[in-house]
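Undergrad: Can you keep this structure in mind? I'll have questions shortly.
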Amino acid sequence: MLRRPRRNRKSEAVRNLIEETSLSVNDLIFPMFLVEGQGKKIEVDSMPGIYRFSIDTMLSEIEACMKLGVMSFDVFPAYPENLKDAMASESYNPETFYLKGLREIKKNFPELCLMSDVAMDPYSSDGHDGIVKDGKILNDETLEVLSRMSLAQADAGVDIIGPSDMMDGRVGFIREALDEHGFTDTSIMSYTAKYASAFYGPFRDALDSAPKFGDKKTYQMNPANVQEALIEADLDMEEGADFLMVKPALAYLDIIKLLHDNYPLPIAAYNVSGEYSMLKASAQKGWLENDRAMVEMLTSIKRSGAKIILTYFAKEFAILKS
Ligand code: PBG
């Protein structure tokens, strides 16, 4: 045998020399859940190790994460039912707790990268990402709400706006609104290829944001499809997105690779709640080794072409590496 591939695996030093994909805390964005109030740290039942924080406890948690090297955070608010309405008006009410929270985070830690989600569902009494009329989701009317929400978040100091709603034309609409109001430095990470996935279940528990009727299939993509991802990516490029995101990650590694190979923008992937919970549940049963499986999952996402990974494992990974 002239060729013996095992020679390149003979010691850890050699294996490290030829290692092609290296994962760093710099690649990670930590999604966190914010609730109103003080002194709160409530574990999400379906996401062991993940909490809903009030702003005070969230600031301490962010500080702890920053000491471990995590510098990017995505904040999702959980709103009580009585504050939700058909137009998601809390999403842009300047007095609302989540906008005050974002402002406070940025004031305390100006050096971190703060991201926030743009979609109506956490604030909507219908639990949908757009305005609902006669059981239908209205696209163009929703854009107006999304742009107000984006402006309110940009004004609170957010570095990256993440439209996760999948309405047509929203990236361009939001980009123009931001620019008109002087927020030319606020970036957009578009949820470019967001699939109608079963893996968002635990997130909807965390925010109590499940749709009140129907599903999200008229705006989120069919898990069976590839071609549409190219159309969405073309549009996001034209409309001024700074990053393209694929979501979920693990069941969509082919889509990550496709966008990576075809677009010059940095690709992000969202390692979603269900992917987190799946590993946590089997690790709790002793069926999978948590740390090795976590690193393998995250590495596979990066290897497929995602430079950036939004993951609930961010802090855990940072602890493992410290
Ligand atoms: C809101 C939104 C969702 C997620 C991120 N932003 C849920 C949904 O679209 O129903 C899911 C994130 C996760 O599962 O971790 N539009």
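As shown in the structure tokens, the chain order sets the letters A, B, ...; within each chain, residues go from 1, and ligands are also counted from 1 in the order they appear.
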Within segment 37-153 of chain A, find each residue whose DSSP state, derived from the backbone, is strand (DSSP E), and express the selection as a list in words.
TA: Lys41, Ile42, Glu43, Val44, Met47, Pro48, Gly49, Ile50, Tyr51, Arg52, Phe53, Ser72, Phe73, Asp74, Val75, Phe76, Pro77, Cys113, Leu114, Met115, Ser116, Asp117, Val118, Ile131, Val132, Lys133, Lys136, Ile137 and Leu138 of chain A
Undergrad: For chain A against ligand 1, with a cut-off of 8 Å and counting only C-alpha atoms and all ligand atoms, what is the closest atom pair and its distance in Å to one decimal for every residue that makes the cut, ordered by chain and number, as a tab-separated table?
TA:
```
residue	atom	partner	partner_atom_place_in_ligand_line	distance
A:Pro31	CA	ligand 1	15 (O)	7.9
A:Phe76	CA	ligand 1	6 (N)	7.9
A:Asp117	CA	ligand 1	6 (N)	6.4
A:Val118	CA	ligand 1	16 (N)	7.4
A:Ala119	CA	ligand 1	16 (N)	5.2
A:Met120	CA	ligand 1	16 (N)	7.1
A:Asp121	CA	ligand 1	16 (N)	5.9
A:Pro122	CA	ligand 1	1 (C)	7.1
A:His128	CA	ligand 1	10 (O)	7.9
A:Asp129	CA	ligand 1	16 (N)	5.8
A:Pro163	CA	ligand 1	16 (N)	8.0
A:Ser164	CA	ligand 1	16 (N)	4.8
A:Asp165	CA	ligand 1	16 (N)	5.2
A:Ala196	CA	ligand 1	9 (O)	7.7
A:Phe199	CA	ligand 1	14 (O)	6.0
A:Tyr200	CA	ligand 1	14 (O)	3.4
A:Gly201	CA	ligand 1	14 (O)	6.4
A:Pro202	CA	ligand 1	14 (O)	6.4
A:Phe203	CA	ligand 1	14 (O)	4.5
A:Arg204	CA	ligand 1	7 (C)	6.3
A:Ser209	CA	ligand 1	10 (O)	7.3
A:Ala210	CA	ligand 1	10 (O)	6.7
A:Pro211	CA	ligand 1	10 (O)	7.8
A:Lys216	CA	ligand 1	10 (O)	7.5
A:Gln220	CA	ligand 1	9 (O)	7.9
A:Pro248	CA	ligand 1	14 (O)	7.6
A:Tyr270	CA	ligand 1	15 (O)	7.2
A:Asn271	CA	ligand 1	15 (O)	6.9
A:Val272	CA	ligand 1	15 (O)	3.5
A:Ser273	CA	ligand 1	15 (O)	3.6
A:Gly274	CA	ligand 1	14 (O)	6.1
A:Thr311	CA	ligand 1	15 (O)	7.9
A:Tyr312	CA	ligand 1	15 (O)	7.9
```
Undergrad: Write to file, as a PDB file, in the first residue's frame, the residues of the selection just made, with C-alpha atoms.
TA:
```pdb
ATOM      1  CA  PRO A  31     -29.763  33.751  21.900  1.00  0.00           C
ATOM      2  CA  PHE A  76     -35.880  37.570  22.422  1.00  0.00           C
ATOM      3  CA  ASP A 117     -35.347  39.677  16.164  1.00  0.00           C
ATOM      4  CA  VAL A 118     -37.853  41.373  13.892  1.00  0.00           C
ATOM      5  CA  ALA A 119     -41.147  39.484  13.537  1.00  0.00           C
ATOM      6  CA  MET A 120     -44.589  40.003  15.012  1.00  0.00           C
ATOM      7  CA  ASP A 121     -45.104  36.632  16.741  1.00  0.00           C
ATOM      8  CA  PRO A 122     -43.919  37.342  20.318  1.00  0.00           C
ATOM      9  CA  HIS A 128     -48.188  34.779  13.645  1.00  0.00           C
ATOM     10  CA  ASP A 129     -45.261  36.663  12.135  1.00  0.00           C
ATOM     11  CA  PRO A 163     -35.882  39.840  10.311  1.00  0.00           C
ATOM     12  CA  SER A 164     -37.201  36.322  10.992  1.00  0.00           C
ATOM     13  CA  ASP A 165     -40.687  36.808   9.584  1.00  0.00           C
ATOM     14  CA  ALA A 196     -41.430  25.699   8.469  1.00  0.00           C
ATOM     15  CA  PHE A 199     -37.607  22.119  15.581  1.00  0.00           C
ATOM     16  CA  TYR A 200     -38.892  25.510  16.818  1.00  0.00           C
ATOM     17  CA  GLY A 201     -41.205  23.852  19.368  1.00  0.00           C
ATOM     18  CA  PRO A 202     -39.179  24.544  22.557  1.00  0.00           C
ATOM     19  CA  PHE A 203     -38.602  28.189  21.516  1.00  0.00           C
ATOM     20  CA  ARG A 204     -42.356  28.700  21.208  1.00  0.00           C
ATOM     21  CA  SER A 209     -45.543  32.339  20.955  1.00  0.00           C
ATOM     22  CA  ALA A 210     -47.068  29.372  19.118  1.00  0.00           C
ATOM     23  CA  PRO A 211     -49.581  30.368  16.398  1.00  0.00           C
ATOM     24  CA  LYS A 216     -46.551  29.116   9.238  1.00  0.00           C
ATOM     25  CA  GLN A 220     -41.799  29.788   6.035  1.00  0.00           C
ATOM     26  CA  PRO A 248     -32.672  25.427  11.305  1.00  0.00           C
ATOM     27  CA  TYR A 270     -29.379  29.054  13.578  1.00  0.00           C
ATOM     28  CA  ASN A 271     -28.832  25.943  15.672  1.00  0.00           C
ATOM     29  CA  VAL A 272     -32.427  26.123  16.889  1.00  0.00           C
ATOM     30  CA  SER A 273     -34.163  25.248  20.129  1.00  0.00           C
ATOM     31  CA  GLY A 274     -35.250  21.753  19.073  1.00  0.00           C
ATOM     32  CA  THR A 311     -26.653  28.609  19.396  1.00  0.00           C
ATOM     33  CA  TYR A 312     -28.007  27.992  22.894  1.00  0.00           C
TER      34      TYR A 312
END
```
Undergrad: Considering only C-alpha atoms, return as a PyMOL selection string whatever protein or nucleic-acid residues lie within 6 Å of Ile267 of chain A, sequence-local ones (same chain, fewer than 6 positions apart) excluded.
TA: chain A and resi 243-245+306-307
Undergrad: Which is closer to Arg52 of chain A than all the others in A:Ala269, A:Ala78, A:Ile160, A:Ile174, using only C-alpha atoms?
TA: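 The shortest atom-to-atom distance to Arg52 of chain A comes from A:Ala78.
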Undergrad: Quick one: of A:Leu17, A:Ala241, A:Ile161, A:Ala293, who's nearest to Leu114 of chain A, counting only C-alpha atoms?
TA: A:Ile161
Undergrad: Name the residues of segment 75-310 of chain A that fall into alpha helix (DSSP H) according to DSSP on the backbone, using the chain letters and numbers of this document, as a ChimeraX atom specification.
TA: /A:97-108,139-155,170-180,201-207,227-238,253-262,273-284,290-303
Undergrad: Excluding segment 96-98 of chain A and residues on its chain fewer than 3 positions from it, collect all residues at most 10 Å away from it, counting only C-alpha atoms, and give them as a short mmCIF file (atom, residue, chain, number, x, y, z; two decimals) with C-alpha atoms, in the first residue's frame.
TA:
```cif
data_model
loop_
_atom_site.label_atom_id
_atom_site.label_comp_id
_atom_site.auth_asym_id
_atom_site.auth_seq_id
_atom_site.Cartn_x
_atom_site.Cartn_y
_atom_site.Cartn_z
CA LEU A 34 -35.92 38.35 28.35
CA VAL A 35 -38.94 38.80 30.64
CA GLU A 36 -40.28 41.84 32.45
CA GLY A 37 -39.49 42.33 36.13
CA SER A 54 -35.22 39.78 33.74
CA ILE A 55 -32.95 42.63 32.70
CA VAL A 75 -32.32 38.95 22.74
CA PHE A 76 -35.88 37.57 22.42
CA PRO A 77 -38.58 38.95 24.71
CA ALA A 78 -41.40 36.88 26.24
CA TYR A 79 -44.59 38.92 26.49
CA LEU A 83 -49.87 42.82 26.26
CA SER A 89 -47.92 47.23 18.93
CA GLU A 90 -45.73 46.49 21.94
CA SER A 91 -42.93 45.69 19.52
CA TYR A 92 -42.38 49.39 18.84
CA ASN A 93 -43.77 51.03 21.99
CA GLY A 101 -33.67 46.24 28.18
CA LEU A 102 -31.82 46.43 24.85
CA ARG A 103 -30.84 50.01 25.59
CA GLU A 104 -29.53 49.04 28.99
CA GLN A 153 -34.69 48.49 17.96
CA ALA A 156 -32.32 51.30 21.31
#
```
Undergrad: Would you list the contacts of Met167 of chain A as a PyMOL selection string, taking every protein, DNA or RNA residue within 12 Å and counting only C-alpha atoms, but skipping same-chain residues closer than 2 positions in sequence?
TA: chain A and resi 118-120+128-131+137-147+163-165+169-174+190-194+216-221+232+235-236
